[in-house]
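To start, the structure under review is shown below, and the notes come after it.
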Amino acid sequence: MRLFPFNFLIIILFLFHNLWSQKYIDTPFFQDYSIQYEKQDSSNQLIRINSDRNKNIQVVSSKGLLSPWGKKLKTNFQYRPLQEYKILDIKVHDKQFFYLTKNEVMSMAYGGNFKIKHGLQEPISFSIGEGNTVFVISKNRFGFSEKETQKLENFQWVGTPLSVLYNSAQNNFLILTQNKLYQFNPKDHSLKEVYSGNGFTSLEIFQHEILIGTSRGIYFISPENWNLNKIMDQIPCTQITSLKNIKGSLWAGSTKGAFKLREDGKFDYYASKRWLLDDHVIDISDGPGKSVLILSQKGLNQISFKLMTLESKAAFFQEIQRKRHIRYGLESAVRLQVAGDLSTATLIDTDNDGLWTSMYLASELFRYAATGSKEAQQNAYEALVAMERLTTISGIPGFPARTYEIDQFQRSNWNKNSNYGVWKKSKNPDWVWKTTTSSDESCGHFFVYALFAEIIEDKEWKNRAINLIKKQMDHIIENNWYLVSWDGKPTRWGRWNPDYVNSFPIQVGDRRLNSTLILSFLQTAYHFTQDEKYKNHALELSKKYGYEENANRSAKTIGYVADQLLSDAWNHSDDEMYFLTAPAFVKYALDQASRKKHLETVRSHWEIERSEKNPLWNFLYSLSGGSPIDLNESIWWLKEFPLDLIDWKVENKNRKDIIKIPANFRKQEYIDVLPPDERPIHLHNRAYQNNGGSGGFREYSPYVYLLPYWAGRYLNLIKKED
């Protein structure tokens, strides 16, 4: 049935009529990111961190006072007299710095008049109370001074204290040792033991309770009767090293990172070099502006929070994409020669340059359609030219290369004997191209050429995209439903021939996926060329070889087949191919009845994938006509996606706060998907990856964020704030 423009308009209205009811207004939110300052002397022991009302940050170390400067912790020279003192501890009271030295408690504020000699041997820590009262603890004594008298009385006791804390609600001081908690009353100078245990490490007051950090979690104690109210041990790490109440939020440091207690009872977890120089936290403090200071063994980590919108976040990533991830117009992977050092970034080829470039190009097409940006249009044209060359450089009509490179600079191994990832000379002797193109590449090509032809108005450019659809489709047809490479043989994965496709049991995803792909390719070719041969081939595969039945089989049928190599686990790369293909599978269906069945089948796949909370799957399902979608989950993912794209090593396997589930076919480890900024960063062809990473030797491409964001804008699911 030939689709005339009016009929096509009706189809589009049908597909999108429910979208207007779902919408996210892009209001500012607090985006977190880390600024790190490494200590310069590995033997220097870091002790305490604090900041004052002037936004100064000071770190007490075994080798003097330090401050952050130029991504390093350096000696603080601000007050010359402080260089002559051995600073043992630092506190902020009335938003001013106070220092504990070998002989005194002092401050440079208040005209420099505040100075009290404590007279204690081996002082450890101190606290400032109401009326500038001072409490100092040492190895076996403690001292208390009232400001008016400028005299510190000291008392002997048994036990080595860890810390002292002023309790303003009861106007007393709390002293913590490794196994006891004491209370000192300034009115009668009485000291009494109020709680005992073992493995104590840190002390804080939070929501009218006394919190003790331990090696087994956090103890919540009532200050009225000193009973233990609860033990919080379902936390990211139970080896607590520091507790801090920061603006009404509880922060905890541990031997495996830092975490913040959220209002919903769950935690924001900050670990790995994405957030911390190392995961052994020493101290936590409120920082300048919207920031939290986390002192770890290797230096200072400033977790900052700045207001961003999803659009401003996209602009941030757009700059990175263009600056570091474009190679010959293709989207490019980046390898770092030194872990985490972006100055050592090198553009490299991959086996999937065609697919990744198609996804980047799609983001620019969506951006152009949503905003009219001439820059996005220019970037789209540039990427299409680069992808055109993928199809022409092979010298094989309609056969796209995986990638190409200047011969003497190609980075991958030259493997003449392998039938996978082989490099071949092009007609231009200066260039080589990589063969054995897979269905992943074909999927990306057809997806983005169709999108290009729909969005770009210029007829010349539109026809270039349509011509690529035709060339690649003709290659597959003329080679008996295979991608046939330089050696005259089908590639490993570019196979849509009925003998191959129908050789799989129905539980194996390849049978369903490959049927869907080839029907979508043919539908796309027919839609844009109106050449009846593409429609006839689609009908033949559908009716004679059962491809329509294969493609419309519910995703719920896919399962584990022990003797099938390709189905030992759920393949998330197949999810990526499926959702990139879904819009064409539905929108370009040959008739209304098929369109309805196709959408039902796409919905069955989307239902299975919902737990991933992947915005790209949601928005491509929406682009296919699906409604409603999980919009809130999509926005959550976009907000939680980290600004740091470096592939740091991340470990969540020992966390106590997440619920693990039994091993399964989908390789899902936990009942809830973790936020993207708490997982190793990865592309859309992976899911539930909670552990791993290269250790900082790769920067991932920003299109991972840009594609779903601009798809959401294109669909009017994400709107700018008025």
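How things are named: the first chain in the structure tokens is A, the next is B, and so on; residues count from 1 in each chain; ligands count from 1 in the order shown.
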
> Running DSSP on the backbone, which parts of stretch 25-127 of chain A land in helix (DSSP H, G or I), as a list in words?
Replying inline: Arg80, Pro81, Leu82, Gln83, Glu84, Tyr110, Gly111 and Gly112 of chain A

> Which residues come within 7 Å of A:Ala383, counting only C-alpha atoms, excluding same-chain residues fewer than 4 positions away, as number ranges by chain?
Replying inline: A: 329-330, 361, 379, 387

Filtering to all heavy atoms, could you give me those residues as a PDB file, in the first residue's frame?
```pdb
ATOM      1  N   GLY A 329      35.885  13.550  11.400  1.00  0.00           N
ATOM      2  CA  GLY A 329      34.445  13.753  11.358  1.00  0.00           C
ATOM      3  C   GLY A 329      33.663  12.644  12.023  1.00  0.00           C
ATOM      4  O   GLY A 329      32.466  12.786  12.274  1.00  0.00           O
ATOM      5  N   LEU A 330      34.316  11.508  12.288  1.00  0.00           N
ATOM      6  CA  LEU A 330      33.687  10.400  12.994  1.00  0.00           C
ATOM      7  C   LEU A 330      33.709  10.657  14.492  1.00  0.00           C
ATOM      8  O   LEU A 330      34.594  11.350  15.008  1.00  0.00           O
ATOM      9  CB  LEU A 330      34.435   9.091  12.709  1.00  0.00           C
ATOM     10  CG  LEU A 330      34.486   8.598  11.269  1.00  0.00           C
ATOM     11  CD1 LEU A 330      35.476   7.439  11.150  1.00  0.00           C
ATOM     12  CD2 LEU A 330      33.109   8.167  10.781  1.00  0.00           C
ATOM     13  N   LEU A 361      25.761  11.421  15.497  1.00  0.00           N
ATOM     14  CA  LEU A 361      25.087  12.172  14.441  1.00  0.00           C
ATOM     15  C   LEU A 361      23.603  12.342  14.764  1.00  0.00           C
ATOM     16  O   LEU A 361      23.025  13.412  14.555  1.00  0.00           O
ATOM     17  CB  LEU A 361      25.270  11.460  13.101  1.00  0.00           C
ATOM     18  CG  LEU A 361      24.475  11.972  11.895  1.00  0.00           C
ATOM     19  CD1 LEU A 361      24.667  13.466  11.695  1.00  0.00           C
ATOM     20  CD2 LEU A 361      24.878  11.200  10.637  1.00  0.00           C
ATOM     21  N   ASN A 379      27.609  20.221  12.115  1.00  0.00           N
ATOM     22  CA  ASN A 379      28.186  19.001  12.679  1.00  0.00           C
ATOM     23  C   ASN A 379      27.557  17.756  12.061  1.00  0.00           C
ATOM     24  O   ASN A 379      28.236  16.752  11.828  1.00  0.00           O
ATOM     25  CB  ASN A 379      27.988  18.976  14.193  1.00  0.00           C
ATOM     26  CG  ASN A 379      28.770  20.059  14.905  1.00  0.00           C
ATOM     27  OD1 ASN A 379      29.717  20.625  14.355  1.00  0.00           O
ATOM     28  ND2 ASN A 379      28.382  20.370  16.136  1.00  0.00           N
ATOM     29  N   MET A 387      30.632   9.360   7.408  1.00  0.00           N
ATOM     30  CA  MET A 387      29.978   8.058   7.292  1.00  0.00           C
ATOM     31  C   MET A 387      29.836   7.634   5.832  1.00  0.00           C
ATOM     32  O   MET A 387      29.887   6.436   5.518  1.00  0.00           O
ATOM     33  CB  MET A 387      28.621   8.093   7.984  1.00  0.00           C
ATOM     34  CG  MET A 387      28.729   8.203   9.499  1.00  0.00           C
ATOM     35  SD  MET A 387      27.159   7.952  10.348  1.00  0.00           S
ATOM     36  CE  MET A 387      26.895   6.197  10.100  1.00  0.00           C
TER      37      MET A 387
END
```

Per-residue nearest contacts stretch 340-384 of chain A to stretch 461-470 of chain A, cut-off 12 Å, using only C-alpha atoms, as a Markdown table:
```
| residue | atom | partner | partner_atom | distance |
| --- | --- | --- | --- | --- |
| A:Ser358 | CA | A:Ala465 | CA | 12.0 |
| A:Gln377 | CA | A:Trp461 | CA | 10.9 |
| A:Gln378 | CA | A:Trp461 | CA | 11.4 |
| A:Ala380 | CA | A:Trp461 | CA | 10.3 |
| A:Tyr381 | CA | A:Trp461 | CA | 7.9 |
| A:Glu382 | CA | A:Trp461 | CA | 11.1 |
| A:Ala383 | CA | A:Ala465 | CA | 11.4 |
| A:Leu384 | CA | A:Ala465 | CA | 7.7 |
```

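Atom CA of A:Ser622 is positioned 19.1 Å from atom CA of A:Tyr449.
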
Residues of stretch 520-627 of chain A that approach stretch 477-486 of chain A to 10 Å or less, counting only C-alpha atoms: could you list each one with the shortest pair of atoms and its distance in Å to one decimal, rows by chain and increasing residue number, as a tab-separated table?
```
residue	atom	partner	partner_atom	distance
A:Leu522	CA	A:Ile477	CA	9.6
A:Tyr534	CA	A:Ile477	CA	9.1
A:His537	CA	A:Ile477	CA	8.6
```

Can you write out the residues you just picked, keeping N, CA, C and O atoms, as an mmCIF file, in the first residue's frame?
```
data_model
loop_
_atom_site.group_PDB
_atom_site.id
_atom_site.type_symbol
_atom_site.label_atom_id
_atom_site.label_comp_id
_atom_site.auth_asym_id
_atom_site.auth_seq_id
_atom_site.Cartn_x
_atom_site.Cartn_y
_atom_site.Cartn_z
ATOM 1 N N LEU A 522 14.403 -2.904 5.068
ATOM 2 C CA LEU A 522 13.610 -2.922 3.835
ATOM 3 C C LEU A 522 12.476 -1.902 3.885
ATOM 4 O O LEU A 522 12.205 -1.200 2.903
ATOM 5 N N TYR A 534 11.777 -3.304 -2.673
ATOM 6 C CA TYR A 534 12.045 -3.399 -1.238
ATOM 7 C C TYR A 534 10.810 -3.893 -0.489
ATOM 8 O O TYR A 534 10.905 -4.746 0.409
ATOM 9 N N HIS A 537 10.407 -7.674 -1.299
ATOM 10 C CA HIS A 537 11.356 -8.498 -0.525
ATOM 11 C C HIS A 537 10.910 -8.606 0.930
ATOM 12 O O HIS A 537 11.026 -9.670 1.549
#
```

>> So that I can see what lies close to stretch 700-710 of chain A, please list as JSON, numbers by chain the residues with an atom at most 9 Å from it, counting only C-alpha atoms and leaving out residues fewer than 6 positions away in the same chain.
In response: {"A": [310, 311, 314, 315, 317, 318, 320, 321, 324, 325, 331, 332, 333, 334, 335, 356, 359, 360, 361, 362, 363, 364, 365, 366, 367, 370, 614, 615, 616, 617, 618, 619, 620, 634, 635, 638, 641, 645, 646, 647, 681, 682, 683, 684, 718]}

> Between A:Tyr404, A:Tyr195, A:Tyr182, A:Phe447, which is the closest to A:Asn428 once you count only C-alpha atoms?
Replying inline: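 So, comparing all the options, the nearest one is A:Tyr404.
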
>> I'd like the neighbourhood of stretch 503-515 of chain A as a list in words, where a residue qualifies if any of its atoms comes within 7 Å (using only C-alpha atoms), though same-chain residues fewer than 5 positions away should be ignored.
In response: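 Skipping anything fewer than 5 positions along the chain leaves Trp496, Tyr547, Asn550, Ala551, Arg553, Thr557, Ile558, Gly559, Ser567 and Tyr578 of chain A.
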
Keeping only N, CA and C atoms, write those residues as a compact mmCIF listing (two decimals), in the first residue's frame.
```txt
# COMPACT_ATOMS: atom_id res chain seq x y z
N TRP A 496 21.46 -12.12 7.54
CA TRP A 496 20.00 -12.08 7.64
C TRP A 496 19.34 -13.11 6.72
N TYR A 547 9.50 -14.20 8.81
CA TYR A 547 10.18 -13.10 9.50
C TYR A 547 9.20 -12.22 10.27
N ASN A 550 8.62 -14.04 13.40
CA ASN A 550 9.83 -13.93 14.23
C ASN A 550 9.91 -12.56 14.89
N ALA A 551 9.72 -11.52 14.08
CA ALA A 551 9.88 -10.16 14.58
C ALA A 551 8.81 -9.78 15.58
N ARG A 553 7.37 -11.78 17.69
CA ARG A 553 7.38 -12.64 18.88
C ARG A 553 7.75 -11.80 20.09
N THR A 557 9.84 -14.27 25.24
CA THR A 557 10.21 -15.64 24.83
C THR A 557 11.72 -15.86 24.89
N ILE A 558 12.48 -14.77 24.90
CA ILE A 558 13.94 -14.92 24.89
C ILE A 558 14.40 -15.46 26.23
N GLY A 559 15.23 -16.49 26.20
CA GLY A 559 15.71 -17.09 27.44
C GLY A 559 17.00 -17.84 27.22
N SER A 567 23.40 -17.40 23.34
CA SER A 567 22.37 -17.09 24.34
C SER A 567 22.73 -17.62 25.71
N TYR A 578 18.10 -3.14 18.88
CA TYR A 578 16.65 -3.23 18.79
C TYR A 578 15.99 -1.86 18.91
```

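Close contacts of stretch 581-594 of chain A, defined as residues with an atom at most 8 Å away when counting only C-alpha atoms, with chain neighbours fewer than 5 positions off set aside, comprise Met1, Ile11, Ile12, Cys443, Phe447, Thr516, Leu517, Leu519, Ser520, Phe521, Gln523, Thr524, His527, Lys535, Leu599, Val602, Leu620, Tyr621, Leu623, Ser624 and Gly625 of chain A.
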
>> Let me make sure I understand: among A:Lys313, A:Leu88, A:Ala538, A:Gln40, which one has the smallest atom-to-atom distance to A:Tyr526 if we use only C-alpha atoms?
In response: A:Ala538

>> Need the shell around stretch 290-301 of chain A: protein/DNA/RNA residues with any atom at most 9 Å away, counting only C-alpha atoms. Skip same-chain ones fewer than 2 positions apart. Format as a ChimeraX atom specification?
In response: /A:32,34-40,42,45-51,57,59,68,72-73,246,253,257-258,275-288,303-306

Selected residues, C-alpha atoms, written as a CSV table (one decimal), in the first residue's frame, please.
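Listed below is the output, again20.csv:
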```
chain,number,residue,atom,x,y,z
A,32,ASP,CA,27.7,17.3,41.9
A,34,SER,CA,34.7,16.6,42.3
A,35,ILE,CA,37.8,18.9,42.4
A,36,GLN,CA,40.8,17.1,43.8
A,37,TYR,CA,44.0,18.5,45.4
A,38,GLU,CA,46.8,15.9,45.8
A,39,LYS,CA,49.3,16.1,48.5
A,40,GLN,CA,52.9,16.6,47.3
A,42,SER,CA,53.6,11.0,50.3
A,45,GLN,CA,50.1,12.5,57.2
A,46,LEU,CA,46.8,14.5,56.7
A,47,ILE,CA,44.8,15.0,59.9
A,48,ARG,CA,42.0,17.5,59.7
A,49,ILE,CA,40.2,19.7,57.2
A,50,ASN,CA,38.1,22.9,57.7
A,51,SER,CA,37.0,26.1,56.0
A,57,ILE,CA,40.4,26.0,53.3
A,59,VAL,CA,44.4,21.2,56.2
A,68,PRO,CA,44.6,23.8,48.1
A,72,LYS,CA,47.8,20.5,44.8
A,73,LEU,CA,47.9,20.7,48.5
A,246,ILE,CA,26.5,19.4,57.2
A,253,GLY,CA,33.5,8.8,55.8
A,257,GLY,CA,34.6,6.2,50.4
A,258,ALA,CA,32.1,8.7,51.7
A,275,TRP,CA,35.2,11.4,43.4
A,276,LEU,CA,38.2,10.8,45.6
A,277,LEU,CA,41.9,10.6,45.2
A,278,ASP,CA,41.6,7.4,47.3
A,279,ASP,CA,38.8,5.8,49.2
A,280,HIS,CA,40.2,5.9,52.8
A,281,VAL,CA,38.5,9.0,54.3
A,282,ILE,CA,40.2,10.8,57.2
A,283,ASP,CA,37.9,13.8,57.8
A,284,ILE,CA,34.8,15.5,56.4
A,285,SER,CA,33.9,19.2,56.7
A,286,ASP,CA,31.5,21.8,55.3
A,287,GLY,CA,33.2,23.6,52.4
A,288,PRO,CA,32.9,27.0,50.7
A,303,ILE,CA,32.6,17.7,46.2
A,304,SER,CA,31.0,20.7,44.8
A,305,PHE,CA,27.3,21.3,43.8
A,306,LYS,CA,26.4,23.8,41.2
```

Could you give me, as a Markdown table, every stretch 188-299 of chain A residue with an atom at most 12 Å from stretch 690-693 of chain A, plus its closest atom pair and distance in Å to one decimal, counting only C-alpha atoms, rows ordered by chain then number?
```
| residue | atom | partner | partner_atom | distance |
| --- | --- | --- | --- | --- |
| A:Ala271 | CA | A:Asn691 | CA | 12.0 |
| A:Ser272 | CA | A:Gly693 | CA | 10.2 |
| A:Lys273 | CA | A:Gly693 | CA | 11.0 |
| A:Arg274 | CA | A:Gly693 | CA | 11.1 |
```

> When DSSP works through the backbone of this structure, what residues of stretch 172-404 of chain A end up as strand (DSSP E), shown as a PyMOL selection string?
Replying inline: chain A and resi 172-177+180-185+190-196+200-206+209-214+217-221+228-232+240-246+249-254+257-261+267-270+281-287+291-296+299-308+326-327+330-331+333-336+345-348+404

>> Quick one: residues within 12 Å of A:Arg262, only C-alpha atoms, excluding same-chain residues fewer than 2 positions away - as a ChimeraX atom specification?
In response: /A:235,248-252,259-260,264-269

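Distances from A:Gln234, A:Lys187, A:Ile608, A:Ser67 to A:Trp570 were compared using only C-alpha atoms, and the smallest one belongs to A:Ile608.
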
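Nearest-residue note for A:Gly199: choosing from A:Thr436, A:Ser542, A:Asn179, A:Thr255, the minimum distance belongs to A:Asn179, counting only C-alpha atoms.
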